[in-house]
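**Student:** Coordinates in data-v9.cif, mmCIF, C-alpha atoms and all ligand atoms, are listed below.
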data_model
loop_
_atom_site.label_atom_id
_atom_site.label_comp_id
_atom_site.auth_asym_id
_atom_site.auth_seq_id
_atom_site.Cartn_x
_atom_site.Cartn_y
_atom_site.Cartn_z
CA MET A 3 55.01 102.00 117.15
CA HIS A 4 55.92 101.01 120.73
CA ASN A 5 57.57 102.76 123.66
CA GLY A 6 59.72 99.84 124.78
CA LYS A 7 61.78 97.39 122.70
CA LEU A 8 61.04 96.52 119.12
CA TYR A 9 62.21 93.37 117.35
CA LEU A 10 62.29 92.13 113.78
CA VAL A 11 61.18 88.49 113.88
CA THR A 12 61.86 86.53 110.69
CA GLY A 13 59.87 83.33 110.13
CA GLY A 14 57.37 84.64 112.69
CA ALA A 15 54.33 83.16 110.94
CA GLY A 16 55.54 79.60 111.53
CA PHE A 17 55.05 77.32 114.52
CA ILE A 18 57.67 78.55 117.02
CA GLY A 19 58.01 82.06 115.61
CA SER A 20 54.29 82.78 115.99
CA CYS A 21 54.35 81.56 119.60
CA PHE A 22 57.27 83.92 120.24
CA VAL A 23 55.59 86.90 118.55
CA LEU A 24 52.21 86.31 120.24
CA GLY A 25 53.89 86.04 123.65
CA LEU A 26 55.94 89.22 123.28
CA VAL A 27 53.24 91.41 121.79
CA LYS A 28 50.26 90.21 123.85
CA GLY A 29 52.38 90.26 126.99
CA GLY A 30 53.19 93.91 126.23
CA ARG A 31 56.92 93.20 126.50
CA ALA A 32 57.89 94.46 123.03
CA GLY A 33 56.64 95.52 119.65
CA VAL A 34 57.34 93.21 116.73
CA VAL A 35 57.71 93.45 112.98
CA THR A 36 57.14 89.95 111.63
CA MET A 37 58.74 89.16 108.28
CA ASP A 38 57.81 85.87 106.65
CA LYS A 39 57.90 84.40 103.17
CA LEU A 40 54.75 82.37 103.92
CA THR A 41 55.94 79.05 102.57
CA TYR A 42 53.57 76.06 102.94
CA SER A 43 54.32 75.99 106.71
CA GLY A 44 54.04 79.73 107.27
CA ASN A 45 50.49 80.74 108.09
CA PRO A 46 49.31 84.35 108.47
CA HIS A 47 46.31 83.07 110.46
CA ASN A 48 48.73 82.12 113.23
CA LEU A 49 48.92 85.84 113.99
CA ASP A 50 45.21 86.65 113.46
CA SER A 51 44.74 87.49 117.13
CA LEU A 52 47.12 90.46 116.67
CA ALA A 53 44.95 92.10 114.00
CA GLY A 54 44.57 95.80 114.78
CA ASN A 55 47.26 95.69 117.48
CA ASN A 56 49.49 98.72 116.91
CA ARG A 57 52.48 96.93 118.47
CA HIS A 58 52.59 94.47 115.57
CA ARG A 59 53.26 94.79 111.83
CA PHE A 60 53.41 92.02 109.27
CA ALA A 61 55.83 92.33 106.34
CA PRO A 62 55.59 89.52 103.79
CA GLY A 63 58.97 88.69 102.28
CA ASP A 64 62.05 86.53 101.97
CA ILE A 65 65.09 86.89 104.24
CA GLY A 66 67.08 86.52 100.99
CA ASP A 67 65.70 89.87 99.77
CA ALA A 68 68.45 92.28 100.88
CA VAL A 69 66.61 95.38 99.67
CA LEU A 70 63.51 94.54 101.66
CA VAL A 71 65.47 93.56 104.79
CA SER A 72 67.49 96.81 104.65
CA ARG A 73 64.34 98.85 104.14
CA LEU A 74 62.66 97.22 107.17
CA LEU A 75 65.74 97.78 109.32
CA ARG A 76 65.99 101.45 108.38
CA ALA A 77 62.26 102.01 108.82
CA HIS A 78 61.84 100.28 112.20
CA GLU A 79 65.32 100.41 113.78
CA PRO A 80 64.80 97.23 115.79
CA ASP A 81 66.66 96.41 119.00
CA GLY A 82 67.29 92.92 117.69
CA ILE A 83 66.59 90.40 114.95
CA ILE A 84 65.32 86.96 115.89
CA ASN A 85 65.66 84.54 113.01
CA PHE A 86 63.25 81.59 112.91
CA ALA A 87 62.99 81.58 109.10
CA ALA A 88 63.97 78.22 107.66
CA GLU A 89 62.85 75.14 105.80
CA THR A 90 62.29 72.77 108.70
CA HIS A 91 61.09 69.27 107.84
CA VAL A 92 63.69 66.47 107.70
CA ASP A 93 61.62 64.25 105.37
CA ARG A 94 61.16 67.10 102.88
CA SER A 95 64.92 67.73 102.98
CA ILE A 96 65.46 64.09 102.05
CA ALA A 97 63.01 64.42 99.15
CA ASP A 98 64.66 67.66 97.92
CA PRO A 99 67.59 69.39 99.68
CA ALA A 100 67.65 72.42 97.33
CA PRO A 101 65.16 74.71 99.16
CA PHE A 102 67.06 73.98 102.38
CA VAL A 103 70.32 75.23 100.90
CA GLN A 104 68.50 78.24 99.47
CA SER A 105 66.63 79.43 102.58
CA ASN A 106 68.73 78.08 105.44
CA VAL A 107 72.15 78.93 103.99
CA ALA A 108 72.05 81.37 101.03
CA ALA A 109 69.13 83.55 102.18
CA LEU A 110 70.41 83.48 105.75
CA CYS A 111 73.75 84.87 104.52
CA THR A 112 71.89 87.68 102.80
CA LEU A 113 70.01 88.43 106.03
CA LEU A 114 73.30 88.45 107.94
CA GLY A 115 74.94 90.76 105.38
CA ALA A 116 72.05 93.27 105.41
CA SER A 117 71.94 93.15 109.22
CA LEU A 118 75.67 93.80 109.46
CA GLU A 119 75.57 96.78 107.08
CA TRP A 120 72.74 98.36 109.08
CA TRP A 121 74.33 97.52 112.46
CA LYS A 122 77.52 99.31 111.40
CA THR A 123 75.54 102.55 111.00
CA LEU A 124 74.17 102.48 114.58
CA PRO A 125 75.34 104.83 117.31
CA PRO A 126 77.68 102.95 119.72
CA ALA A 127 75.16 102.57 122.57
CA LYS A 128 72.51 101.01 120.31
CA ALA A 129 75.10 98.89 118.46
CA ALA A 130 76.30 97.47 121.79
CA THR A 131 72.87 96.26 122.93
CA PHE A 132 71.66 95.06 119.49
CA ARG A 133 71.37 91.25 119.15
CA PHE A 134 71.07 88.88 116.20
CA LEU A 135 69.50 85.77 117.73
CA HIS A 136 69.61 82.72 115.47
CA ILE A 137 67.32 79.81 116.27
CA SER A 138 68.86 76.44 115.55
CA THR A 139 68.39 72.81 116.42
CA ASP A 140 70.01 69.99 118.39
CA GLU A 141 69.98 67.97 115.13
CA VAL A 142 73.27 69.65 114.11
CA PHE A 143 75.04 67.45 116.70
CA GLY A 144 74.04 64.20 114.97
CA SER A 145 72.79 61.04 116.63
CA LEU A 146 73.40 59.61 120.12
CA GLY A 147 73.50 55.97 121.19
CA PRO A 148 71.31 54.80 124.09
CA GLY A 149 73.94 55.41 126.83
CA ASP A 150 75.76 58.44 125.38
CA PRO A 151 75.89 61.68 127.39
CA ALA A 152 73.50 64.42 126.20
CA PHE A 153 74.69 67.14 123.77
CA THR A 154 76.48 70.11 125.36
CA GLU A 155 77.48 73.37 123.70
CA GLU A 156 80.90 71.77 123.12
CA THR A 157 79.63 68.69 121.26
CA PRO A 158 81.13 68.69 117.74
CA TYR A 159 78.71 69.17 114.85
CA ALA A 160 77.91 65.95 112.92
CA PRO A 161 74.69 66.57 110.96
CA ASN A 162 73.20 63.55 109.19
CA SER A 163 70.23 64.86 107.18
CA PRO A 164 70.16 67.56 104.51
CA TYR A 165 68.03 69.60 106.95
CA SER A 166 70.52 69.36 109.81
CA ALA A 167 73.44 69.92 107.41
CA SER A 168 71.80 73.17 106.24
CA LYS A 169 71.16 74.27 109.84
CA ALA A 170 74.77 73.44 110.76
CA ALA A 171 75.96 75.55 107.83
CA SER A 172 73.70 78.42 108.95
CA ASP A 173 75.12 78.24 112.48
CA HIS A 174 78.66 78.39 111.10
CA PHE A 175 77.86 81.50 109.05
CA VAL A 176 76.22 83.21 112.03
CA ARG A 177 79.27 82.41 114.16
CA ALA A 178 81.60 83.67 111.42
CA PHE A 179 79.78 87.03 111.28
CA HIS A 180 80.60 87.43 114.97
CA GLU A 181 84.21 86.30 114.73
CA THR A 182 84.97 88.21 111.53
CA TYR A 183 82.86 91.36 111.75
CA GLY A 184 81.88 91.56 115.42
CA LEU A 185 78.11 91.29 114.81
CA PRO A 186 76.61 90.57 118.29
CA VAL A 187 75.04 87.19 117.50
CA ILE A 188 73.76 84.44 119.78
CA ILE A 189 72.88 80.93 118.59
CA THR A 190 70.44 78.59 120.33
CA ASN A 191 70.23 74.85 119.69
CA CYS A 192 66.91 73.47 120.83
CA SER A 193 65.38 70.00 120.99
CA ASN A 194 62.05 68.91 119.45
CA ASN A 195 59.24 71.37 120.12
CA TYR A 196 55.54 70.55 120.32
CA GLY A 197 52.44 72.66 120.95
CA PRO A 198 49.72 74.67 119.18
CA ARG A 199 50.03 75.72 115.53
CA GLN A 200 52.65 73.15 114.48
CA PHE A 201 52.22 72.23 110.83
CA PRO A 202 50.82 68.68 110.71
CA GLU A 203 53.68 67.12 108.77
CA LYS A 204 55.54 66.71 112.10
CA LEU A 205 54.98 63.66 114.28
CA ILE A 206 52.60 64.92 116.99
CA PRO A 207 50.13 66.99 114.92
CA LEU A 208 50.22 64.40 112.13
CA ALA A 209 49.27 61.72 114.66
CA ILE A 210 46.46 63.90 116.03
CA ILE A 211 44.97 64.52 112.56
CA ASN A 212 45.21 60.87 111.57
CA ALA A 213 43.76 59.65 114.88
CA LEU A 214 40.84 62.09 114.64
CA SER A 215 39.92 60.75 111.23
CA GLY A 216 40.53 57.10 112.18
CA HIS A 217 43.50 56.75 109.82
CA PRO A 218 46.68 54.77 110.65
CA ILE A 219 49.31 56.64 112.70
CA PRO A 220 52.60 55.97 110.83
CA ILE A 221 55.65 55.28 113.02
CA TYR A 222 58.98 54.98 111.24
CA GLY A 223 61.06 51.82 111.79
CA SER A 224 60.69 50.22 115.21
CA GLY A 225 59.41 53.36 116.96
CA GLU A 226 62.31 53.21 119.40
CA ASN A 227 63.99 56.44 118.21
CA ILE A 228 64.24 58.97 121.00
CA ARG A 229 63.66 62.73 121.01
CA ASP A 230 63.87 65.25 123.87
CA TRP A 231 60.51 67.05 123.84
CA LEU A 232 60.01 70.68 124.87
CA TYR A 233 56.72 72.59 125.03
CA VAL A 234 56.96 75.53 122.60
CA GLU A 235 56.13 78.22 125.20
CA ASP A 236 59.02 76.99 127.36
CA HIS A 237 61.32 77.38 124.35
CA CYS A 238 60.07 80.94 123.76
CA ALA A 239 60.58 81.85 127.43
CA ALA A 240 64.21 80.69 127.10
CA LEU A 241 64.65 82.81 123.95
CA GLU A 242 63.35 85.95 125.68
CA LEU A 243 65.81 85.46 128.53
CA ILE A 244 68.67 84.92 126.12
CA LEU A 245 67.73 88.03 124.21
CA GLU A 246 67.85 90.07 127.42
CA ARG A 247 70.78 88.53 129.22
CA GLY A 248 72.58 86.06 126.94
CA ARG A 249 76.19 86.80 126.03
CA PRO A 250 77.01 87.77 122.41
CA GLY A 251 79.14 85.22 120.58
CA GLN A 252 77.79 82.39 122.76
CA THR A 253 75.63 79.39 121.98
CA TYR A 254 72.98 78.02 124.36
CA ASN A 255 71.42 74.56 124.33
CA ILE A 256 67.72 74.43 125.19
CA GLY A 257 66.00 71.13 125.99
CA GLY A 258 62.97 69.63 127.71
CA LYS A 259 64.73 67.08 129.95
CA SER A 260 62.02 64.81 128.60
CA GLU A 261 63.42 62.00 126.49
CA LYS A 262 60.76 59.73 125.01
CA SER A 263 60.73 57.10 122.31
CA ASN A 264 58.34 57.82 119.44
CA LEU A 265 56.16 54.91 120.56
CA GLU A 266 55.97 56.35 124.10
CA VAL A 267 54.95 59.74 122.70
CA ILE A 268 52.23 58.31 120.51
CA ARG A 269 50.92 55.89 123.15
CA THR A 270 50.59 58.79 125.63
CA LEU A 271 48.80 60.83 122.98
CA CYS A 272 46.45 57.93 122.18
CA ALA A 273 45.58 57.54 125.88
CA LEU A 274 44.71 61.26 126.01
CA LEU A 275 42.58 60.88 122.87
CA ASP A 276 40.76 57.90 124.44
CA GLU A 277 39.92 60.16 127.40
CA ALA A 278 38.95 63.18 125.30
CA ARG A 279 36.90 61.28 122.75
CA PRO A 280 35.73 58.02 124.34
CA GLU A 281 32.81 57.79 121.89
CA ARG A 282 35.27 57.69 118.96
CA LYS A 283 37.54 54.98 120.42
CA PRO A 284 38.37 52.81 117.40
CA GLY A 285 38.08 49.21 118.68
CA SER A 286 39.10 47.65 121.98
CA ALA A 287 42.72 48.84 121.72
CA GLY A 288 41.53 52.46 121.58
CA HIS A 289 43.33 55.00 119.43
CA ALA A 290 46.60 53.06 120.02
CA GLY A 291 45.14 50.42 117.69
CA LEU A 292 45.81 52.89 114.84
CA ILE A 293 49.61 52.80 115.40
CA THR A 294 51.26 51.32 112.31
CA LEU A 295 54.98 50.68 111.90
CA VAL A 296 56.14 51.80 108.43
CA LYS A 297 59.42 51.85 106.48
CA ASP A 298 62.10 53.80 108.31
CA ARG A 299 63.39 57.27 107.40
CA PRO A 300 66.79 56.99 105.62
CA GLY A 301 69.63 58.07 107.95
CA HIS A 302 67.12 58.27 110.83
CA ASP A 303 68.98 59.69 113.87
CA PHE A 304 68.46 57.30 116.79
CA ARG A 305 68.51 59.67 119.75
CA TYR A 306 68.74 63.37 120.62
CA ALA A 307 69.21 64.58 124.18
CA ILE A 308 70.13 68.05 125.41
CA ASN A 309 72.21 69.01 128.40
CA CYS A 310 70.82 72.47 129.17
CA GLY A 311 72.98 73.07 132.25
CA LYS A 312 74.48 76.27 130.78
CA ILE A 313 71.22 78.18 130.38
CA GLU A 314 70.01 76.85 133.74
CA ARG A 315 73.14 78.06 135.54
CA GLU A 316 73.63 81.36 133.69
CA LEU A 317 70.05 82.51 133.20
CA GLY A 318 68.00 80.44 135.66
CA TRP A 319 65.76 78.99 132.93
CA HIS A 320 64.12 75.57 133.37
CA PRO A 321 61.44 73.84 131.33
CA ALA A 322 58.23 74.61 133.24
CA LEU A 323 55.76 72.10 131.82
CA SER A 324 55.89 68.30 132.07
CA PHE A 325 55.49 66.35 128.84
CA GLU A 326 52.08 65.00 129.86
CA ALA A 327 50.77 68.47 130.78
CA GLY A 328 52.15 69.98 127.57
CA LEU A 329 50.71 67.21 125.44
CA ARG A 330 47.29 67.65 127.06
CA ARG A 331 47.39 71.39 126.24
CA THR A 332 48.51 70.64 122.71
CA LEU A 333 45.74 68.13 122.09
CA ASP A 334 43.14 70.52 123.56
CA TRP A 335 44.32 73.24 121.18
CA TYR A 336 43.98 71.00 118.12
CA LEU A 337 40.56 69.76 119.28
CA ASN A 338 39.38 73.34 119.76
CA ASN A 339 40.82 74.76 116.54
CA ARG A 340 39.27 72.62 113.86
CA ALA A 341 39.05 75.52 111.39
CA TRP A 342 42.85 75.95 111.56
CA LEU A 343 43.32 72.21 111.06
CA GLU A 344 40.98 72.15 108.06
CA GLN A 345 42.63 75.16 106.49
CA VAL A 346 46.19 73.78 106.63
CA GLN A 347 45.19 70.49 105.00
CA SER A 348 45.43 72.07 101.58
CA GLY A 349 46.26 70.50 98.23
CA GLU A 350 49.94 70.96 99.04
CA TYR A 351 49.51 69.09 102.32
CA ARG A 352 47.72 66.20 100.58
CA ARG A 353 50.45 66.05 97.91
CA TRP A 354 53.05 65.70 100.66
CA LEU A 355 51.12 62.88 102.38
CA GLU A 356 50.89 61.04 99.09
CA HIS A 357 54.60 61.52 98.39
CA ASN A 358 55.84 60.52 101.84
CA TYR A 359 53.43 57.82 102.98
CA GLN A 360 51.68 56.18 100.03
CA ASN A 361 54.34 53.63 99.13
CA ARG A 362 56.06 53.48 102.47
P1 LIG B 1 58.03 76.27 110.60
O1 LIG B 1 58.31 75.52 109.35
O2 LIG B 1 56.71 76.12 111.26
O3 LIG B 1 58.28 77.84 110.36
C1 LIG B 1 59.27 78.34 109.53
C2 LIG B 1 58.80 79.72 109.04
O4 LIG B 1 59.84 80.30 108.25
C3 LIG B 1 57.56 79.65 108.15
O5 LIG B 1 56.63 80.61 108.58
C4 LIG B 1 58.10 79.97 106.75
O6 LIG B 1 57.14 80.61 105.93
C5 LIG B 1 59.26 80.88 107.09
N1 LIG B 1 60.30 80.91 106.04
C6 LIG B 1 60.91 79.86 105.44
N2 LIG B 1 61.84 80.28 104.56
C7 LIG B 1 61.81 81.65 104.62
C8 LIG B 1 62.55 82.67 103.97
N3 LIG B 1 63.48 82.37 103.06
N4 LIG B 1 62.27 83.97 104.28
C9 LIG B 1 61.32 84.29 105.19
N5 LIG B 1 60.59 83.35 105.83
C10 LIG B 1 60.85 82.05 105.56
O7 LIG B 1 59.21 75.86 111.58
P2 LIG B 1 59.37 75.95 113.17
O8 LIG B 1 59.19 74.60 113.71
O9 LIG B 1 58.59 77.09 113.68
O10 LIG B 1 60.93 76.28 113.26
C11 LIG B 1 61.40 77.62 113.42
C12 LIG B 1 62.91 77.57 113.60
O11 LIG B 1 63.23 76.81 114.76
C13 LIG B 1 63.66 76.91 112.44
O12 LIG B 1 64.84 77.63 112.19
C14 LIG B 1 63.99 75.51 112.96
O13 LIG B 1 65.16 75.02 112.37
C15 LIG B 1 64.17 75.79 114.44
N6 LIG B 1 63.89 74.65 115.35
C16 LIG B 1 62.71 73.97 115.27
C17 LIG B 1 62.45 72.93 116.16
C18 LIG B 1 61.16 72.17 116.14
O14 LIG B 1 61.03 71.16 116.84
N7 LIG B 1 60.14 72.60 115.41
C19 LIG B 1 63.42 72.58 117.12
C20 LIG B 1 64.61 73.31 117.17
C21 LIG B 1 64.83 74.35 116.27
P1 LIG B 2 59.61 64.98 113.29
O1 LIG B 2 58.38 65.50 113.97
O2 LIG B 2 59.65 64.97 111.80
O3 LIG B 2 60.86 65.76 113.91
P2 LIG B 2 62.45 65.46 113.71
O4 LIG B 2 62.65 64.53 112.59
O5 LIG B 2 62.95 66.84 113.40
O6 LIG B 2 62.92 64.93 115.02
O7 LIG B 2 59.85 63.49 113.79
C1 LIG B 2 59.97 63.19 115.18
C2 LIG B 2 60.28 61.71 115.27
O8 LIG B 2 59.14 60.97 114.81
C3 LIG B 2 61.44 61.26 114.40
O9 LIG B 2 62.14 60.21 115.06
C4 LIG B 2 60.77 60.71 113.15
C5 LIG B 2 59.47 60.15 113.69
N1 LIG B 2 58.32 60.17 112.76
C6 LIG B 2 57.55 59.02 112.60
O10 LIG B 2 57.84 57.98 113.21
N2 LIG B 2 56.48 59.07 111.75
C7 LIG B 2 56.15 60.19 111.07
O11 LIG B 2 55.17 60.16 110.27
C8 LIG B 2 56.94 61.37 111.25
C9 LIG B 2 56.61 62.64 110.52
C10 LIG B 2 58.00 61.32 112.12
#
Would you mind writing the file's structure down as structure tokens?
Ligand code: NAD
Ligand code: TYD
**Tutor:**
Amino acid sequence: MHNGKLYLVTGGAGFIGSCFVLGLVKGGRAGVVTMDKLTYSGNPHNLDSLAGNNRHRFAPGDIGDAVLVSRLLRAHEPDGIINFAAETHVDRSIADPAPFVQSNVAALCTLLGASLEWWKTLPPAKAATFRFLHISTDEVFGSLGPGDPAFTEETPYAPNSPYSASKAASDHFVRAFHETYGLPVIITNCSNNYGPRQFPEKLIPLAIINALSGHPIPIYGSGENIRDWLYVEDHCAALELILERGRPGQTYNIGGKSEKSNLEVIRTLCALLDEARPERKPGSAGHAGLITLVKDRPGHDFRYAINCGKIERELGWHPALSFEAGLRRTLDWYLNNRAWLEQVQSGEYRRWLEHNYQNR
């Protein structure tokens, strides 16, 4: 299928996974087999631009399906597995933790088990360079106060939401497969991503959709909660470096060095919208007039911040794009991809809006 490297990317039809797959395949740096269950947030159209590209295959399926995973591994003999597959939205995990336990913990263990069995059959040279790269989140570290130092790789886990608890559990299982069986795993813990193709249940694309249709932009609580924002392509560049030169058994924090309160994020976005669509400015306050404080998220973590000194020192990675530049690119993408936006606002999406926002 491809002369160079070939990877199995699970969850590759989602927001970050599709960015990773598109970058690798279009950049000619590797071939990819994308495996994805296509949940509500997985979207095959995210990979439409690879149609007919012989360096890419799409395999629909669940990482919890050991038979399918084993078959794909035997058929394609990948140089690594990059696992993005997960249930990912904190508010949905609060509404119902069960799918998070199922995909992020139980199915992940099945993926690990099938990967291990296949890895054990590899000739020593291939087994030594094989990597299982597991994509995780800074949310496993819990919540910081305003003056606390940023999370390092040594910060103890203290997850507060069902989502972050399930991701913490997944990280522990991945680590255990290294310690117990020697599987060459690497774990990355990244801060909040933003960019094209993010499902519009998350803050930034939700705000864009609502602003474009003149609906209120809901901000939980006081809007003072802080996240460390990273443009998705910067995250994917870090992952490629880690895949090539990261050390097995290690974890790497990845962050944007760009802490912003939710109100700052949305005010910056509204100013960009005022510029991009002056004719649609709703009232004298502009799009910012749509900002509406609503009931807080239960257990809402106050602040996340990442110390990414380790990956900077060891691999020379730095976030390339400023928040303002990344947000401008993101907004441009949503403005220029209306068909994508229309298509993802399905019945399921509307049901979620009703559930999460109607009586807030
Ligand atoms: P996403 O919800 O857009 O994508 C997740 C993908 O996984 C979807 O395509 C979905 O169909 C697929 N999937 C879910 N369960 C599956 C299963 N059992 N088998 C196969 N496929 C399955 O999420 P995202 O934002 O792209 O996140 C990708 C990964 O990055 C997740 O593991 C998430 O925890 C992690 N992460 C996300 C962020 C962020 O800000 N978005 C930050 C740090 C880490
Ligand atoms: P989100 O995009 O859900 O990411 P995460 O919870 O994983 O950090 O939320 C980012 C921040 O925005 C978080 O502090 C919650 C807040 N938020 C709102 O204020 N309103 C919303 O409608 C949503 C979805 C999130």
**Student:** Between A:Gly349, A:Glu89, A:Ala327, A:Trp342, which residue has the minimum interatomic distance to ligand LIG 2 (chain B), considering all atoms listed in the file?
**Tutor:**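 The shortest atom-to-atom distance to ligand LIG 2 (chain B) comes from A:Glu89.
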**Student:** Between A:Asn339, A:Ser324, A:Ser163, A:Asn45, which one has atoms that come closest to ligand LIG 2 (chain B), using only C-alpha atoms and all ligand atoms?
**Tutor:**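 For ligand LIG 2 (chain B), the nearest of the given residues is A:Ser163.
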**Student:** Record the distance separating atom CA of A:Ser138 and atom CA of A:Ala307, expressed in Å with one decimal.
**Tutor:**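 About the pair atom CA of A:Ser138 and atom CA of A:Ala307: they are 14.7 Å apart.
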**Student:** Kindly provide, as a ChimeraX atom specification, all nucleotide and amino acid residues lying within 10 Å of ligand LIG 2 (chain B), counting all atoms listed in the file.
**Tutor:** /A:90-94,139-141,163,165-166,193-196,200-209,219-231,262-265,267-268,293-299,302-306,355,358-359
**Student:** Which is closest to A:Ala171 among A:Ala109, A:Ala129, A:Tyr183, A:Gly285, if we use only C-alpha atoms?
**Tutor:** A:Ala109
**Student:** Please list as a count of residues only every residue within 10 Å of A:Gly19, counting only C-alpha atoms and excluding residues in the same chain fewer than 6 positions away.
**Tutor:** 16
**Student:** So how far away is atom CA of A:Ile83 from atom CA of A:Leu26, in Å?
**Tutor:** 13.6 Å
**Student:** Which residue is closest to A:Leu292? Choose from A:Tyr233, A:Leu10, A:Tyr351, A:Ala213 and count all atoms listed in the file.
**Tutor:**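 Closest to A:Leu292 of all the choices is A:Ala213.
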**Student:** Go ahead and find all residues with at least one atom no further than 12 Å from (68.9, 90.4, 98.8) in the file's coordinates, using all atoms listed in the file; report them as a list in words.
**Tutor:**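 Selection result: Gly63, Asp64, Ile65, Gly66, Asp67, Ala68, Val69, Leu70, Val71, Ser72, Arg73, Ser105, Ala108, Ala109, Leu110, Cys111, Thr112, Leu113, Leu114, Gly115, Ala116 and Ser117 of chain A.
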**Student:** Return the single residue from A:Ala178, A:Ala322, A:Ala77, A:Ala170 that is closest to ligand LIG 1 (chain B), with distances computed using all atoms listed in the file.
**Tutor:**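 That would be A:Ala170, the residue with the smallest distance to ligand LIG 1 (chain B).
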**Student:** Take atom C11 of ligand LIG 1 (chain B) and atom CA of A:Cys272 and report the distance between them in Å, one decimal.
**Tutor:**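 It comes out at 26.2 Å.
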